[in-house]
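As stored in run.cif (mmCIF, C-alpha atoms and all ligand atoms):
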data_start
loop_
_atom_site.label_atom_id
_atom_site.label_comp_id
_atom_site.auth_asym_id
_atom_site.auth_seq_id
_atom_site.Cartn_x
_atom_site.Cartn_y
_atom_site.Cartn_z
CA MET A 1 -4.43 9.54 -13.88
CA THR A 2 -5.92 6.33 -12.57
CA VAL A 3 -4.27 5.01 -9.45
CA VAL A 4 -5.14 1.41 -8.71
CA VAL A 5 -4.05 -0.28 -5.49
CA LEU A 6 -3.92 -4.04 -5.72
CA LEU A 7 -4.56 -5.84 -2.44
CA GLY A 8 -4.21 -9.43 -1.39
CA ALA A 9 -2.81 -11.61 1.36
CA PRO A 10 0.57 -13.33 0.98
CA GLY A 11 -0.09 -16.23 -1.37
CA ALA A 12 -3.10 -14.59 -3.06
CA GLY A 13 -1.16 -14.03 -6.28
CA LYS A 14 -1.09 -10.26 -6.08
CA GLY A 15 2.29 -9.79 -7.77
CA THR A 16 1.30 -12.01 -10.69
CA GLN A 17 -1.98 -10.16 -11.12
CA ALA A 18 -0.26 -6.77 -10.94
CA GLU A 19 2.05 -7.84 -13.78
CA LEU A 20 -0.83 -9.08 -15.93
CA LEU A 21 -2.92 -6.00 -15.27
CA ALA A 22 -0.02 -3.65 -16.05
CA GLU A 23 0.56 -5.43 -19.33
CA ARG A 24 -3.09 -5.32 -20.35
CA LEU A 25 -3.68 -1.72 -19.31
CA GLY A 26 -0.34 -0.37 -20.49
CA MET A 27 0.28 1.15 -17.08
CA PRO A 28 3.35 0.49 -14.96
CA HIS A 29 3.31 -2.05 -12.12
CA VAL A 30 4.79 -0.11 -9.22
CA ALA A 31 6.00 -2.53 -6.55
CA THR A 32 7.45 -0.87 -3.49
CA GLY A 33 10.22 -3.45 -3.16
CA ASP A 34 11.36 -2.78 -6.74
CA LEU A 35 11.31 0.97 -6.08
CA PHE A 36 13.63 0.56 -3.10
CA ARG A 37 16.03 -1.59 -5.06
CA ALA A 38 16.03 0.79 -8.06
CA ALA A 39 16.52 3.88 -5.90
CA VAL A 40 19.43 2.30 -4.07
CA ARG A 41 20.98 1.05 -7.32
CA ASP A 42 20.65 4.44 -9.01
CA GLY A 43 22.08 6.18 -5.96
CA SER A 44 19.38 8.86 -6.02
CA PRO A 45 19.27 11.13 -2.95
CA ILE A 46 16.09 9.47 -1.76
CA GLY A 47 17.58 6.06 -2.46
CA LEU A 48 20.53 6.91 -0.24
CA GLU A 49 18.11 7.98 2.48
CA ALA A 50 16.20 4.72 2.17
CA ARG A 51 19.43 2.74 2.20
CA ARG A 52 20.42 4.17 5.58
CA PHE A 53 17.39 2.42 7.07
CA MET A 54 17.66 -0.76 5.04
CA GLU A 55 21.32 -1.22 6.02
CA ARG A 56 20.35 -1.09 9.66
CA GLY A 57 17.66 -3.67 9.04
CA GLN A 58 14.95 -1.09 9.75
CA LEU A 59 11.78 -0.40 7.85
CA VAL A 60 11.96 2.52 5.46
CA PRO A 61 9.77 5.28 6.96
CA ASP A 62 6.44 5.85 5.24
CA ASP A 63 7.23 9.42 4.18
CA ILE A 64 10.30 8.24 2.25
CA THR A 65 8.34 5.43 0.62
CA ILE A 66 5.58 7.84 -0.37
CA ARG A 67 8.07 10.32 -1.86
CA MET A 68 9.49 7.48 -3.94
CA LEU A 69 6.01 6.48 -5.06
CA LEU A 70 5.14 10.04 -6.08
CA ASP A 71 8.44 10.37 -7.99
CA ARG A 72 7.56 7.17 -9.79
CA LEU A 73 4.09 8.46 -10.65
CA ASP A 74 5.72 11.53 -12.20
CA GLN A 75 7.55 9.44 -14.78
CA GLN A 76 6.43 9.43 -18.39
CA ASP A 77 5.02 5.90 -18.48
CA ALA A 78 2.69 6.66 -15.55
CA THR A 79 0.90 9.56 -17.23
CA ASN A 80 -2.30 7.53 -17.40
CA GLY A 81 -1.85 5.95 -14.02
CA ALA A 82 -0.20 3.09 -12.25
CA ILE A 83 -0.88 -0.13 -10.37
CA LEU A 84 0.47 -0.02 -6.84
CA ASP A 85 1.58 -3.29 -5.27
CA GLY A 86 3.00 -3.55 -1.76
CA PHE A 87 1.86 -0.18 -0.44
CA PRO A 88 -0.14 0.75 1.59
CA ARG A 89 0.24 -2.17 3.99
CA ASN A 90 -1.75 -0.78 6.92
CA GLY A 91 -4.37 1.83 7.73
CA ALA A 92 -1.89 4.57 8.67
CA GLN A 93 -0.06 4.16 5.36
CA ALA A 94 -3.35 4.27 3.47
CA THR A 95 -4.22 7.57 5.15
CA ALA A 96 -0.75 9.01 4.48
CA LEU A 97 -0.97 8.00 0.82
CA ASP A 98 -4.40 9.63 0.49
CA ASP A 99 -3.02 12.87 1.94
CA ALA A 100 0.02 12.89 -0.35
CA LEU A 101 -2.04 12.17 -3.47
CA ARG A 102 -4.64 14.78 -2.55
CA GLU A 103 -1.94 17.47 -2.41
CA ARG A 104 -1.26 16.88 -6.07
CA GLY A 105 -4.89 16.56 -7.05
CA ASP A 106 -4.78 12.78 -7.36
CA ARG A 107 -6.43 9.98 -5.45
CA VAL A 108 -6.61 6.23 -5.18
CA ASP A 109 -9.33 5.55 -7.74
CA LEU A 110 -9.74 1.86 -7.07
CA ALA A 111 -8.55 -0.69 -4.55
CA VAL A 112 -8.96 -4.22 -5.85
CA ASN A 113 -8.77 -6.99 -3.30
CA ILE A 114 -7.95 -10.48 -4.51
CA GLU A 115 -9.92 -12.55 -2.06
CA VAL A 116 -8.58 -15.93 -1.02
CA PRO A 117 -9.82 -17.66 2.16
CA VAL A 118 -7.19 -18.20 4.85
CA ASP A 119 -7.37 -21.98 4.63
CA GLU A 120 -6.60 -21.82 0.94
CA LEU A 121 -3.67 -19.44 1.54
CA ILE A 122 -2.29 -21.93 4.02
CA ARG A 123 -2.83 -24.79 1.61
CA ARG A 124 -0.98 -22.91 -1.13
CA MET A 125 1.93 -21.98 1.09
CA SER A 126 2.29 -25.14 3.12
CA GLY A 127 2.47 -27.83 0.46
CA ARG A 128 6.26 -27.83 0.19
CA TRP A 129 8.15 -31.05 0.92
CA VAL A 130 11.85 -31.72 0.38
CA CYS A 131 13.73 -34.99 0.20
CA THR A 132 16.23 -35.81 2.92
CA ASP A 133 19.00 -37.08 0.61
CA ALA A 134 19.32 -34.38 -2.02
CA GLY A 135 16.80 -31.65 -1.23
CA HIS A 136 14.57 -32.35 -4.24
CA VAL A 137 11.51 -30.15 -3.85
CA TYR A 138 7.87 -31.23 -4.19
CA ASN A 139 4.57 -29.46 -3.78
CA GLU A 140 1.38 -31.23 -2.74
CA SER A 141 -0.75 -29.33 -5.24
CA THR A 142 1.48 -28.35 -8.12
CA ASN A 143 4.19 -31.03 -8.18
CA PRO A 144 3.32 -34.00 -5.94
CA PRO A 145 5.61 -37.03 -5.63
CA ARG A 146 4.29 -40.26 -7.23
CA VAL A 147 4.23 -41.90 -3.79
CA PRO A 148 3.33 -39.58 -0.90
CA GLY A 149 6.33 -39.02 1.40
CA VAL A 150 8.90 -40.59 -0.94
CA CYS A 151 11.27 -38.87 -3.39
CA ASP A 152 10.63 -39.89 -7.01
CA ILE A 153 14.29 -39.55 -7.88
CA ASP A 154 16.20 -41.24 -5.06
CA GLY A 155 13.52 -42.88 -2.90
CA SER A 156 14.52 -41.00 0.23
CA PRO A 157 11.86 -39.83 2.72
CA LEU A 158 10.31 -36.40 2.20
CA ILE A 159 10.13 -34.03 5.13
CA GLN A 160 8.41 -30.73 5.70
CA ARG A 161 10.52 -27.92 7.08
CA GLU A 162 9.28 -25.98 10.10
CA ASP A 163 8.76 -22.89 7.89
CA ASP A 164 6.56 -24.80 5.48
CA ARG A 165 4.25 -26.36 8.08
CA ALA A 166 0.61 -25.29 8.15
CA ASP A 167 0.61 -24.16 11.79
CA THR A 168 3.78 -22.07 11.27
CA ILE A 169 2.28 -20.46 8.20
CA ARG A 170 -1.02 -19.79 9.93
CA ALA A 171 0.79 -17.98 12.76
CA ARG A 172 2.93 -16.05 10.28
CA LEU A 173 -0.21 -14.84 8.47
CA ASP A 174 -1.84 -13.27 11.55
CA LEU A 175 -0.08 -9.92 11.35
CA PRO A 176 -0.24 -9.37 7.58
CA LEU A 177 -3.92 -10.34 7.54
CA ALA A 178 -4.76 -7.90 10.34
CA SER A 179 -2.93 -5.12 8.48
CA LEU A 180 -4.62 -6.05 5.22
CA ARG A 181 -7.97 -5.84 6.97
CA GLU A 182 -7.18 -2.24 8.00
CA VAL A 183 -6.38 -1.31 4.42
CA ILE A 184 -9.51 -3.04 3.10
CA ASP A 185 -11.66 -1.21 5.66
CA HIS A 186 -10.01 2.09 4.75
CA TYR A 187 -10.84 1.77 1.06
CA ALA A 188 -14.30 0.37 1.79
CA ARG A 189 -15.06 3.56 3.76
CA ALA A 190 -13.72 5.61 0.85
CA GLY A 191 -16.09 3.74 -1.47
CA VAL A 192 -13.36 2.56 -3.85
CA LEU A 193 -12.98 -1.07 -2.74
CA ARG A 194 -13.79 -3.89 -5.15
CA ALA A 195 -13.28 -7.60 -4.59
CA VAL A 196 -12.49 -10.37 -7.02
CA ASN A 197 -12.57 -14.09 -6.40
CA GLY A 198 -8.95 -15.21 -6.07
CA LEU A 199 -9.83 -18.91 -6.08
CA GLN A 200 -10.15 -18.99 -9.85
CA PRO A 201 -7.36 -19.85 -12.28
CA ILE A 202 -4.83 -17.02 -12.80
CA GLU A 203 -6.25 -15.92 -16.17
CA ALA A 204 -9.84 -15.80 -14.85
CA VAL A 205 -8.74 -13.71 -11.87
CA ALA A 206 -6.93 -11.39 -14.30
CA ASP A 207 -10.10 -11.07 -16.42
CA ASP A 208 -12.12 -10.12 -13.33
CA VAL A 209 -9.53 -7.61 -12.14
CA LEU A 210 -9.47 -6.06 -15.58
CA ALA A 211 -13.28 -5.92 -15.72
CA VAL A 212 -13.35 -4.15 -12.36
CA VAL A 213 -10.74 -1.61 -13.43
CA ALA A 214 -12.53 -1.09 -16.75
CA GLY A 215 -15.64 -0.23 -14.79
CA GLU A 216 -17.63 -3.38 -15.27
CA PRO A 217 -17.53 -4.75 -11.77
CA LYS A 218 -18.25 -8.43 -11.40
CA ARG A 219 -18.39 -8.32 -7.63
CA THR A 220 -18.09 -11.08 -5.16
CA ASP A 221 -19.02 -9.00 -2.17
CA ALA A 222 -16.34 -8.39 0.44
ZN ZN B 1 15.45 -36.73 -3.71
#

If you took the structure in this file and wrote it as structure tokens, what would it be?
Ligand SMILES: [Zn+2]
Amino acid sequence: MTVVVLLGAPGAGKGTQAELLAERLGMPHVATGDLFRAAVRDGSPIGLEARRFMERGQLVPDDITIRMLLDRLDQQDATNGAILDGFPRNGAQATALDDALRERGDRVDLAVNIEVPVDELIRRMSGRWVCTDAGHVYNESTNPPRVPGVCDIDGSPLIQREDDRADTIRARLDLPLASLREVIDHYARAGVLRAVNGLQPIEAVADDVLAVVAGEPKRTDA
């Protein structure tokens, strides 16, 4: 089986790319968040275990997450492999996943990092403005108002919420980016890291990811 780990910072478009890649390769997109929700919904023993932590607002321990992942990899549609999205999130998890896969004779075959510079991540995530009268939502890049700072519909002033401000987003990215760096370094040492340029349009990124997975790396060096 081919196990592909898709990596990218928040805002890099990782989820979208995982969906596209899964569709094109005919392999399941295994997102950790979906696994948790499915396990809890199905009331499986491991789902009940995970729920105990989630209900207390705690992180699900790595060993439970990994057992869920391995169960998922055992399902029929994952015979040829799977695309992992959302795990591992740090170096310790990457090591634990390696160990668990090795026990069953598997490995992470490829880790594909969708590279997007921090400033661009911030630009993508911080362009949200809402109008003060009715909460109409605008985005500087994808859906700008006709007149900057004014709602097209009711003419009320647009404001940016604290959460959507560039400095807030930059601070919020520090931790995930540091963790992502650990994971990237882990797979670089293992010799399975590839990078694609995440600044391109979605379809072009998907083409590059597919080319990398198909063994025709078009590298933009990490
Ligand atoms: Zn409005």

Distance query 12 Å from (-3.8, -22.9, -0.4) using all atoms listed in the file, result as number ranges by chain: A: 9-13, 116-128, 139-142, 166, 169-170, 198-199

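Among all protein and nucleic acid residues, the ones that lie within 9 Å of ligand ZN 1 (chain B) when counting all atoms listed in the file are Val130, Cys131, Thr132, Asp133, Ala134, Gly135, His136, Val137, Val150, Cys151, Asp152, Ile153, Asp154, Gly155, Ser156, Pro157 and Leu158 of chain A.
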
Selection: 8 Å around Leu69 in chain A, all atoms listed in the file, excl. self and same-chain fewer than 4 positions, as a list of chain:residue names: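 Answer for this query is A:Val30, A:Thr32, A:Leu35, A:Thr65, A:Leu73.
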
Answer as number ranges by chain, residues within 8 Å of (-0.5, -5.7, -11.8) using all atoms listed in the file: A: 6, 14-23, 28-29, 83-85

Residue among A:Val212, A:Ala178, A:Val5, A:Val183 lying closest to Asn90 in chain A, counting all atoms listed in the file: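 With all atoms listed in the file as the atom set, the closest residue is A:Val183.
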
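Each of A:Leu175, A:Arg56, A:Gly105, A:Val112 was compared to Ala206 in chain A using all atoms listed in the file, and A:Val112 turns out to be the nearest.
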
Distance in Å - CA of Arg172 in chain A versus CA of Pro144 in chain A: 24.2 Å

Atom pair CA of Ile66 in chain A / CA of Glu115 in chain A: separation (Å):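 Taking CA of Ile66 in chain A as the start and CA of Glu115 in chain A as the end point, the length is 25.7 Å.
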
N, CA, C and O atoms of range 158-171 of chain A from block above, as a tab-separated table (two decimals), in the first residue's frame:
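New file selection_18.tsv:
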chain	number	residue	atom	x	y	z
A	158	LEU	N	-17.68	48.69	6.89
A	158	LEU	CA	-17.18	47.34	7.10
A	158	LEU	C	-16.13	47.37	8.19
A	158	LEU	O	-15.31	48.29	8.26
A	159	ILE	N	-16.16	46.37	9.05
A	159	ILE	CA	-15.13	46.27	10.08
A	159	ILE	C	-14.47	44.89	10.02
A	159	ILE	O	-15.04	43.94	9.46
A	160	GLN	N	-13.27	44.84	10.57
A	160	GLN	CA	-12.57	43.57	10.64
A	160	GLN	C	-12.60	43.11	12.09
A	160	GLN	O	-12.25	43.86	13.00
A	161	ARG	N	-13.04	41.86	12.28
A	161	ARG	CA	-13.07	41.34	13.65
A	161	ARG	C	-11.65	41.03	14.11
A	161	ARG	O	-10.77	40.73	13.31
A	162	GLU	N	-11.48	41.07	15.43
A	162	GLU	CA	-10.17	40.79	16.04
A	162	GLU	C	-9.55	39.50	15.46
A	162	GLU	O	-8.39	39.46	15.09
A	163	ASP	N	-10.38	38.45	15.37
A	163	ASP	CA	-9.92	37.14	14.89
A	163	ASP	C	-9.42	37.18	13.45
A	163	ASP	O	-8.69	36.29	13.03
A	164	ASP	N	-9.89	38.13	12.68
A	164	ASP	CA	-9.57	38.16	11.25
A	164	ASP	C	-8.45	39.15	10.93
A	164	ASP	O	-8.12	39.37	9.77
A	165	ARG	N	-7.89	39.78	11.99
A	165	ARG	CA	-6.83	40.76	11.75
A	165	ARG	C	-5.49	40.07	11.54
A	165	ARG	O	-5.20	39.05	12.13
A	166	ALA	N	-4.68	40.69	10.69
A	166	ALA	CA	-3.40	40.08	10.29
A	166	ALA	C	-2.52	39.75	11.49
A	166	ALA	O	-1.94	38.67	11.55
A	167	ASP	N	-2.43	40.67	12.46
A	167	ASP	CA	-1.51	40.42	13.58
A	167	ASP	C	-2.01	39.26	14.45
A	167	ASP	O	-1.23	38.46	14.95
A	168	THR	N	-3.36	39.17	14.60
A	168	THR	CA	-3.93	38.05	15.36
A	168	THR	C	-3.62	36.72	14.67
A	168	THR	O	-3.25	35.75	15.30
A	169	ILE	N	-3.81	36.74	13.35
A	169	ILE	CA	-3.59	35.51	12.58
A	169	ILE	C	-2.12	35.11	12.61
A	169	ILE	O	-1.79	33.94	12.78
A	170	ARG	N	-1.25	36.10	12.49
A	170	ARG	CA	0.19	35.80	12.52
A	170	ARG	C	0.55	35.12	13.85
A	170	ARG	O	1.25	34.11	13.87
A	171	ALA	N	0.03	35.65	14.95
A	171	ALA	CA	0.33	35.06	16.26
A	171	ALA	C	-0.25	33.65	16.37
A	171	ALA	O	0.38	32.75	16.92
